Amino acid sequence: MNLIKSMKRKKKRILGISGIILLLVIFSIVGYIWQNIGTLDTEKERVVKFGSLSYYSSQNDVFVSPEELMSYPERTTGGNAGFGRFFKKSPNAPAGELPKVVLKKTDFATEPSAYALYWFGHSSAILELDDVRVLIDPVLENAAPLPGIVPRYTTSPIKREELPAVDAVLITHDHYDHLEVKTIKFLRNRDTRFIVPLGVGARLRGWGVPEERIIELGWTERTEIGPLIITSTPGVHYSGRSKTDRNKTLWTGYAIKGTQKNIFWSGDSGYGKHFKQIGEQYGPFDLACVEIDGWNAGWPNTHLFPEEAVTVCEDVRAGLLLPVHWGVFDLALHPWDESIEAVWNLASERGIGMVTPLMGEKIVPGETESRKWWKTED
């Protein structure tokens, strides 16, 4: 009888300890996700800061796209668009690792070049212009608030520990495939400035970036980094890192004007008349870095279709096109190289030069030879 009571007490202790461990695991996961989502200004603070802007609705407490985003779930192509697809390897992924140039910190000169570019895949890059080094949308792992969700097709050509000194970090918006917490935290104690859209500064402050090193820009606002003039440009898109914070922060592209070269970085955007306006206000551009992937008939103006990406290059008056936002994540249910192949063919037909570096390759746009490297696995 005593033995039975002893066993029951032992079982209760084990269940109690297991319950505590399970709660700790749950709290840890929730805390990890919460940290990755990041903080925001309060609604009152947002209304005070942004209430006078034409593209912010004080009534709804959201930033407003220049054109309404359309959604037609019944038109979605490519299979199941549910979130569950992000937990497994994409059927649209390449057969193996993609070719790349693996970079170490020692591969970067102490002083930035007058003009050079490194594309790390998707929308991550380093631009060197007028001896200023700018890091753009650095996402070097997966694109979700937890590891293993939204996995990459291929590893990044650079680890964050190998990133060189940079003068500025440009963030286009707060989606997970453009804003990575680990990389921001890694860079927060460096002597660099962070240029972000309105509202995103609160997230960075929550991750430990000193306020004095954060520059928040609204559309058409600009800042200067050395000789570079960096201007925020509008886009047809949206923002958010959870179901409750959609459009609480702004999204943007950038016009980056140096003494000799003028660069356009589109950020994420559907097609709209704003591109011609950008060309008129800030062009012509020597290079347009334009998103080409993420399109689907189910969400027709959230991202650019290949033919629209080429048209954007014409609209902003750029002679060279660097396709970005491709090659790393399956965001739109089509083969990984479908967009780049279509854009290559369309640009060739319409007389627009292409810039197609390997991930990690140092190039000088307009001088480095372009090639269809994505066809090497055929």
# chains A, B, ... in the order shown; residues from 1 in each chain; ligands from 1
$ closest_atom_pairs --of "region 189-303 of chain A" --to "region 58-72 of chain A" --cutoff "12 Å" --atoms "only C-alpha atoms" --output "Markdown table"
| residue | atom | partner | partner_atom | distance |
| --- | --- | --- | --- | --- |
| A:Pro197 | CA | A:Phe63 | CA | 11.1 |
| A:Leu198 | CA | A:Phe63 | CA | 9.5 |
| A:Gly199 | CA | A:Phe63 | CA | 9.9 |
| A:Gly218 | CA | A:Phe63 | CA | 10.6 |
| A:Trp219 | CA | A:Pro66 | CA | 11.1 |
| A:Thr233 | CA | A:Pro66 | CA | 11.5 |
| A:Pro234 | CA | A:Pro66 | CA | 7.8 |
| A:Gly235 | CA | A:Ser65 | CA | 7.1 |
| A:Val236 | CA | A:Ser65 | CA | 5.3 |
| A:His237 | CA | A:Ser65 | CA | 6.2 |
| A:Tyr238 | CA | A:Ser65 | CA | 7.0 |
| A:Ser239 | CA | A:Phe63 | CA | 8.8 |
| A:Gly240 | CA | A:Val62 | CA | 10.6 |
| A:Thr244 | CA | A:Val62 | CA | 11.3 |
| A:Asp245 | CA | A:Val62 | CA | 8.9 |
| A:Arg246 | CA | A:Val62 | CA | 7.6 |
| A:Asn247 | CA | A:Val62 | CA | 5.1 |
| A:Lys248 | CA | A:Val62 | CA | 5.1 |
| A:Thr249 | CA | A:Phe63 | CA | 6.7 |
| A:Leu250 | CA | A:Phe63 | CA | 6.2 |
| A:Trp251 | CA | A:Phe63 | CA | 8.8 |
| A:Thr252 | CA | A:Ser65 | CA | 10.6 |
| A:Asp268 | CA | A:Ser65 | CA | 12.0 |
| A:Ser269 | CA | A:Ser65 | CA | 9.7 |
| A:Gly270 | CA | A:Leu69 | CA | 8.3 |
| A:Tyr271 | CA | A:Glu67 | CA | 9.3 |
| A:Gly272 | CA | A:Glu67 | CA | 7.4 |
| A:Lys273 | CA | A:Pro66 | CA | 9.1 |
| A:His274 | CA | A:Pro66 | CA | 8.0 |
| A:Phe275 | CA | A:Pro66 | CA | 11.3 |
| A:Trp295 | CA | A:Ser71 | CA | 11.8 |
| A:Asn296 | CA | A:Tyr72 | CA | 9.7 |
| A:Ala297 | CA | A:Tyr72 | CA | 7.4 |
| A:Gly298 | CA | A:Tyr72 | CA | 4.6 |
| A:Trp299 | CA | A:Ser71 | CA | 4.7 |
| A:Pro300 | CA | A:Met70 | CA | 6.5 |
| A:Asn301 | CA | A:Leu69 | CA | 6.0 |
| A:Thr302 | CA | A:Leu69 | CA | 6.2 |
| A:His303 | CA | A:Leu69 | CA | 9.9 |
$ residues_around --residues "region 344-354 of chain A" --least-positions-apart "4" --cutoff "8 Å" --atoms "only C-alpha atoms" --output "PDB file with N, CA, C and O atoms, in the first residue's frame"
ATOM      1  N   PRO A 306       7.130  39.921 -64.236  1.00  0.00           N
ATOM      2  CA  PRO A 306       8.356  40.164 -65.012  1.00  0.00           C
ATOM      3  C   PRO A 306       8.244  41.298 -66.019  1.00  0.00           C
ATOM      4  O   PRO A 306       9.146  42.137 -66.119  1.00  0.00           O
ATOM      5  N   GLU A 307       7.159  41.327 -66.788  1.00  0.00           N
ATOM      6  CA  GLU A 307       7.023  42.390 -67.787  1.00  0.00           C
ATOM      7  C   GLU A 307       6.892  43.759 -67.129  1.00  0.00           C
ATOM      8  O   GLU A 307       7.350  44.778 -67.679  1.00  0.00           O
ATOM      9  N   VAL A 310      10.400  45.112 -66.061  1.00  0.00           N
ATOM     10  CA  VAL A 310      11.120  45.721 -67.181  1.00  0.00           C
ATOM     11  C   VAL A 310      10.538  47.092 -67.505  1.00  0.00           C
ATOM     12  O   VAL A 310      11.270  48.061 -67.782  1.00  0.00           O
ATOM     13  N   CYS A 313      11.854  49.800 -65.271  1.00  0.00           N
ATOM     14  CA  CYS A 313      13.163  50.302 -65.695  1.00  0.00           C
ATOM     15  C   CYS A 313      12.997  51.424 -66.722  1.00  0.00           C
ATOM     16  O   CYS A 313      13.699  52.440 -66.671  1.00  0.00           O
ATOM     17  N   GLY A 319      19.028  52.743 -67.762  1.00  0.00           N
ATOM     18  CA  GLY A 319      19.554  51.941 -68.863  1.00  0.00           C
ATOM     19  C   GLY A 319      19.987  50.553 -68.459  1.00  0.00           C
ATOM     20  O   GLY A 319      20.180  49.682 -69.309  1.00  0.00           O
ATOM     21  N   LEU A 320      20.155  50.340 -67.150  1.00  0.00           N
ATOM     22  CA  LEU A 320      20.600  49.042 -66.645  1.00  0.00           C
ATOM     23  C   LEU A 320      19.634  48.543 -65.583  1.00  0.00           C
ATOM     24  O   LEU A 320      19.144  49.322 -64.760  1.00  0.00           O
ATOM     25  N   LEU A 321      19.403  47.228 -65.589  1.00  0.00           N
ATOM     26  CA  LEU A 321      18.493  46.611 -64.636  1.00  0.00           C
ATOM     27  C   LEU A 321      19.208  45.525 -63.845  1.00  0.00           C
ATOM     28  O   LEU A 321      19.785  44.594 -64.428  1.00  0.00           O
ATOM     29  N   LEU A 322      19.188  45.660 -62.513  1.00  0.00           N
ATOM     30  CA  LEU A 322      19.633  44.591 -61.620  1.00  0.00           C
ATOM     31  C   LEU A 322      18.390  43.961 -61.006  1.00  0.00           C
ATOM     32  O   LEU A 322      17.717  44.593 -60.186  1.00  0.00           O
ATOM     33  N   PRO A 323      18.037  42.726 -61.376  1.00  0.00           N
ATOM     34  CA  PRO A 323      16.871  42.075 -60.767  1.00  0.00           C
ATOM     35  C   PRO A 323      17.181  41.644 -59.336  1.00  0.00           C
ATOM     36  O   PRO A 323      18.193  41.008 -59.072  1.00  0.00           O
ATOM     37  N   ILE A 340      13.504  35.299 -63.369  1.00  0.00           N
ATOM     38  CA  ILE A 340      14.745  35.821 -63.936  1.00  0.00           C
ATOM     39  C   ILE A 340      14.862  35.469 -65.419  1.00  0.00           C
ATOM     40  O   ILE A 340      15.327  36.282 -66.226  1.00  0.00           O
ATOM     41  N   SER A 370      27.452  40.297 -67.891  1.00  0.00           N
ATOM     42  CA  SER A 370      26.290  39.581 -67.386  1.00  0.00           C
ATOM     43  C   SER A 370      26.183  38.227 -68.076  1.00  0.00           C
ATOM     44  O   SER A 370      26.557  38.075 -69.242  1.00  0.00           O
TER      45      SER A 370
END
$ select_by_dssp --residues "region 88-331 of chain A" --states "strand (DSSP E)" --output "ChimeraX atom specification"
/A:115-121,124-129,132-136,168-170,193-197,214-217,222-225,228-233,253-257,262-265,287-291,320-324
$ write_last_selection --atoms "C-alpha atoms" --output "CSV table (one decimal), in the first residue's frame"
chain,number,residue,atom,x,y,z
A,115,TYR,CA,31.3,52.1,-57.5
A,116,ALA,CA,30.7,48.4,-56.9
A,117,LEU,CA,27.9,46.1,-55.8
A,118,TYR,CA,27.5,42.8,-54.1
A,119,TRP,CA,24.2,41.0,-54.3
A,120,PHE,CA,23.7,38.4,-51.5
A,121,GLY,CA,20.4,37.0,-52.9
A,124,SER,CA,20.1,41.8,-49.6
A,125,ALA,CA,23.1,43.7,-51.1
A,126,ILE,CA,26.0,46.0,-50.4
A,127,LEU,CA,26.3,49.0,-52.6
A,128,GLU,CA,29.6,51.0,-52.7
A,129,LEU,CA,29.3,54.4,-54.1
A,132,VAL,CA,30.5,55.0,-49.0
A,133,ARG,CA,29.4,51.5,-48.2
A,134,VAL,CA,25.7,50.8,-47.8
A,135,LEU,CA,24.1,47.6,-46.7
A,136,ILE,CA,20.6,47.0,-47.9
A,168,ALA,CA,24.7,53.0,-43.5
A,169,VAL,CA,22.1,50.2,-43.3
A,170,LEU,CA,19.0,50.8,-45.5
A,193,ARG,CA,23.5,54.7,-39.3
A,194,PHE,CA,20.2,52.9,-39.9
A,195,ILE,CA,17.9,54.5,-42.6
A,196,VAL,CA,14.4,53.2,-42.3
A,197,PRO,CA,10.8,54.0,-43.2
A,214,ILE,CA,18.3,55.8,-36.6
A,215,ILE,CA,17.0,58.0,-39.4
A,216,GLU,CA,13.3,57.6,-40.3
A,217,LEU,CA,12.2,58.8,-43.7
A,222,ARG,CA,15.9,62.6,-47.8
A,223,THR,CA,19.1,62.3,-45.8
A,224,GLU,CA,22.8,62.5,-46.6
A,225,ILE,CA,25.5,60.0,-45.9
A,228,LEU,CA,25.3,60.4,-51.1
A,229,ILE,CA,21.8,61.9,-51.1
A,230,ILE,CA,19.3,59.1,-50.2
A,231,THR,CA,15.6,59.8,-50.8
A,232,SER,CA,12.7,57.7,-49.8
A,233,THR,CA,10.3,56.8,-52.7
A,253,GLY,CA,12.2,52.4,-52.1
A,254,TYR,CA,15.3,54.6,-52.3
A,255,ALA,CA,16.8,57.0,-54.9
A,256,ILE,CA,20.6,57.0,-54.1
A,257,LYS,CA,22.3,59.8,-55.8
A,262,ASN,CA,22.4,57.7,-59.6
A,263,ILE,CA,20.9,54.4,-58.4
A,264,PHE,CA,17.2,53.4,-57.9
A,265,TRP,CA,16.3,50.7,-55.4
A,287,LEU,CA,21.1,51.5,-62.5
A,288,ALA,CA,17.6,50.3,-61.4
A,289,CYS,CA,17.6,47.5,-58.8
A,290,VAL,CA,14.0,46.2,-59.2
A,291,GLU,CA,12.1,43.4,-57.5
A,320,LEU,CA,20.6,49.0,-66.6
A,321,LEU,CA,18.5,46.6,-64.6
A,322,LEU,CA,19.6,44.6,-61.6
A,323,PRO,CA,16.9,42.1,-60.8
A,324,VAL,CA,16.5,41.6,-57.0
$ select_by_dssp --residues "region 102-321 of chain A" --states "alpha helix (DSSP H)" --output "PyMOL selection string"
chain A and resi 181-187+200-206+274-282+306-315
$ residues_around --residues "region 82-98 of chain A" --least-positions-apart "2" --cutoff "12 Å" --atoms "only C-alpha atoms" --output "MDAnalysis selection string"
chainID A and resid 73 76 78:80 100:102 120:121 142:157 326:338 358:360 373:378
$ write_last_selection --atoms "N, CA and C atoms" --output "short mmCIF file (atom, residue, chain, number, x, y, z; two decimals), in the first residue's frame"
data_model
loop_
_atom_site.label_atom_id
_atom_site.label_comp_id
_atom_site.auth_asym_id
_atom_site.auth_seq_id
_atom_site.Cartn_x
_atom_site.Cartn_y
_atom_site.Cartn_z
N PRO A 73 -8.20 35.36 -54.17
CA PRO A 73 -7.77 34.00 -53.80
C PRO A 73 -8.13 32.95 -54.84
N THR A 76 -5.47 32.40 -57.59
CA THR A 76 -4.11 32.04 -57.21
C THR A 76 -3.61 30.86 -58.04
N GLY A 78 -0.38 28.04 -58.99
CA GLY A 78 0.79 27.36 -58.45
C GLY A 78 0.53 26.43 -57.29
N GLY A 79 -0.75 26.27 -56.88
CA GLY A 79 -1.02 25.33 -55.80
C GLY A 79 -1.53 26.01 -54.54
N ASN A 80 -1.35 25.34 -53.41
CA ASN A 80 -1.86 25.81 -52.12
C ASN A 80 -1.04 26.98 -51.61
N LYS A 100 27.75 30.37 -56.00
CA LYS A 100 27.91 31.64 -55.30
C LYS A 100 29.38 31.88 -55.01
N VAL A 101 29.70 33.09 -54.66
CA VAL A 101 31.04 33.46 -54.18
C VAL A 101 30.93 33.65 -52.68
N VAL A 102 31.54 32.76 -51.92
CA VAL A 102 31.48 32.85 -50.47
C VAL A 102 32.43 33.95 -50.00
N PHE A 120 23.59 39.59 -52.41
CA PHE A 120 23.66 38.41 -51.54
C PHE A 120 22.50 37.44 -51.76
N GLY A 121 21.63 37.74 -52.72
CA GLY A 121 20.43 36.96 -52.92
C GLY A 121 19.22 37.68 -52.38
N ASN A 142 16.62 32.53 -42.48
CA ASN A 142 15.27 32.34 -43.00
C ASN A 142 14.47 33.64 -42.87
N ALA A 143 13.20 33.58 -43.31
CA ALA A 143 12.41 34.81 -43.36
C ALA A 143 11.13 34.67 -42.55
N ALA A 144 11.28 34.38 -41.25
CA ALA A 144 10.12 34.18 -40.39
C ALA A 144 10.53 34.42 -38.94
N PRO A 145 9.55 34.52 -38.02
CA PRO A 145 9.89 34.78 -36.62
C PRO A 145 10.46 33.58 -35.88
N LEU A 146 10.46 32.39 -36.50
CA LEU A 146 11.05 31.20 -35.90
C LEU A 146 11.98 30.51 -36.89
N PRO A 147 13.05 29.89 -36.43
CA PRO A 147 13.94 29.17 -37.34
C PRO A 147 13.19 28.04 -38.05
N GLY A 148 13.59 27.78 -39.29
CA GLY A 148 13.02 26.67 -40.03
C GLY A 148 11.78 27.00 -40.82
N ILE A 149 11.15 28.13 -40.55
CA ILE A 149 9.96 28.54 -41.30
C ILE A 149 10.41 29.47 -42.43
N VAL A 150 9.78 29.35 -43.59
CA VAL A 150 10.18 30.06 -44.81
C VAL A 150 11.68 29.80 -45.06
N PRO A 151 12.04 28.54 -45.31
CA PRO A 151 13.45 28.20 -45.52
C PRO A 151 13.99 28.75 -46.83
N ARG A 152 15.30 28.91 -46.88
CA ARG A 152 15.98 29.41 -48.06
C ARG A 152 16.17 28.28 -49.08
N TYR A 153 16.23 28.68 -50.35
CA TYR A 153 16.65 27.74 -51.39
C TYR A 153 18.12 27.39 -51.23
N THR A 154 18.89 28.39 -50.82
CA THR A 154 20.35 28.26 -50.82
C THR A 154 20.92 29.10 -49.69
N THR A 155 22.07 28.71 -49.18
CA THR A 155 22.67 29.45 -48.07
C THR A 155 23.15 30.82 -48.53
N SER A 156 23.23 31.74 -47.59
CA SER A 156 23.74 33.06 -47.90
C SER A 156 25.23 32.99 -48.24
N PRO A 157 25.70 33.82 -49.15
CA PRO A 157 27.13 33.82 -49.48
C PRO A 157 27.99 34.47 -48.40
N TRP A 326 14.70 37.72 -55.62
CA TRP A 326 14.52 36.41 -56.25
C TRP A 326 15.69 35.51 -55.83
N GLY A 327 15.52 34.19 -56.09
CA GLY A 327 16.62 33.25 -55.92
C GLY A 327 16.82 32.69 -54.53
N VAL A 328 15.98 33.06 -53.55
CA VAL A 328 16.21 32.61 -52.17
C VAL A 328 14.96 32.02 -51.52
N PHE A 329 13.81 32.67 -51.68
CA PHE A 329 12.59 32.23 -51.01
C PHE A 329 11.47 31.97 -52.02
N ASP A 330 10.65 30.95 -51.73
CA ASP A 330 9.47 30.69 -52.55
C ASP A 330 8.30 31.45 -51.94
N LEU A 331 8.05 32.63 -52.45
CA LEU A 331 6.98 33.47 -51.92
C LEU A 331 5.74 33.47 -52.80
N ALA A 332 5.82 32.89 -54.00
CA ALA A 332 4.71 33.06 -54.94
C ALA A 332 4.38 31.82 -55.76
N LEU A 333 4.87 30.64 -55.37
CA LEU A 333 4.38 29.39 -55.95
C LEU A 333 4.73 29.21 -57.42
N HIS A 334 5.93 29.62 -57.80
CA HIS A 334 6.37 29.33 -59.16
C HIS A 334 7.85 28.94 -59.14
N PRO A 335 8.36 28.26 -60.17
CA PRO A 335 9.74 27.80 -60.18
C PRO A 335 10.72 28.92 -59.87
N TRP A 336 11.79 28.57 -59.16
CA TRP A 336 12.71 29.56 -58.62
C TRP A 336 13.33 30.45 -59.68
N ASP A 337 13.50 29.94 -60.91
CA ASP A 337 14.19 30.71 -61.96
C ASP A 337 13.23 31.22 -63.03
N GLU A 338 11.92 31.07 -62.83
CA GLU A 338 10.96 31.51 -63.84
C GLU A 338 11.02 33.02 -64.06
N LEU A 358 26.48 36.55 -59.73
CA LEU A 358 26.33 35.45 -58.78
C LEU A 358 26.10 36.04 -57.40
N MET A 359 25.46 35.31 -56.54
CA MET A 359 25.36 35.75 -55.16
C MET A 359 26.76 35.86 -54.56
N GLY A 360 27.07 37.02 -54.01
CA GLY A 360 28.38 37.23 -53.40
C GLY A 360 29.44 37.79 -54.32
N TRP A 373 23.78 32.63 -65.37
CA TRP A 373 24.39 31.62 -64.50
C TRP A 373 23.37 30.62 -63.95
N TRP A 374 22.10 31.01 -63.88
CA TRP A 374 21.07 30.12 -63.34
C TRP A 374 20.79 28.94 -64.26
N LYS A 375 21.34 28.94 -65.46
CA LYS A 375 21.15 27.84 -66.40
C LYS A 375 22.27 26.79 -66.31
N THR A 376 23.22 26.99 -65.39
CA THR A 376 24.36 26.08 -65.33
C THR A 376 23.96 24.69 -64.85
N GLU A 377 22.79 24.56 -64.19
CA GLU A 377 22.40 23.23 -63.71
C GLU A 377 21.66 22.43 -64.77
N ASP A 378 21.36 23.04 -65.93
CA ASP A 378 20.67 22.30 -66.99
C ASP A 378 21.61 21.28 -67.65
#
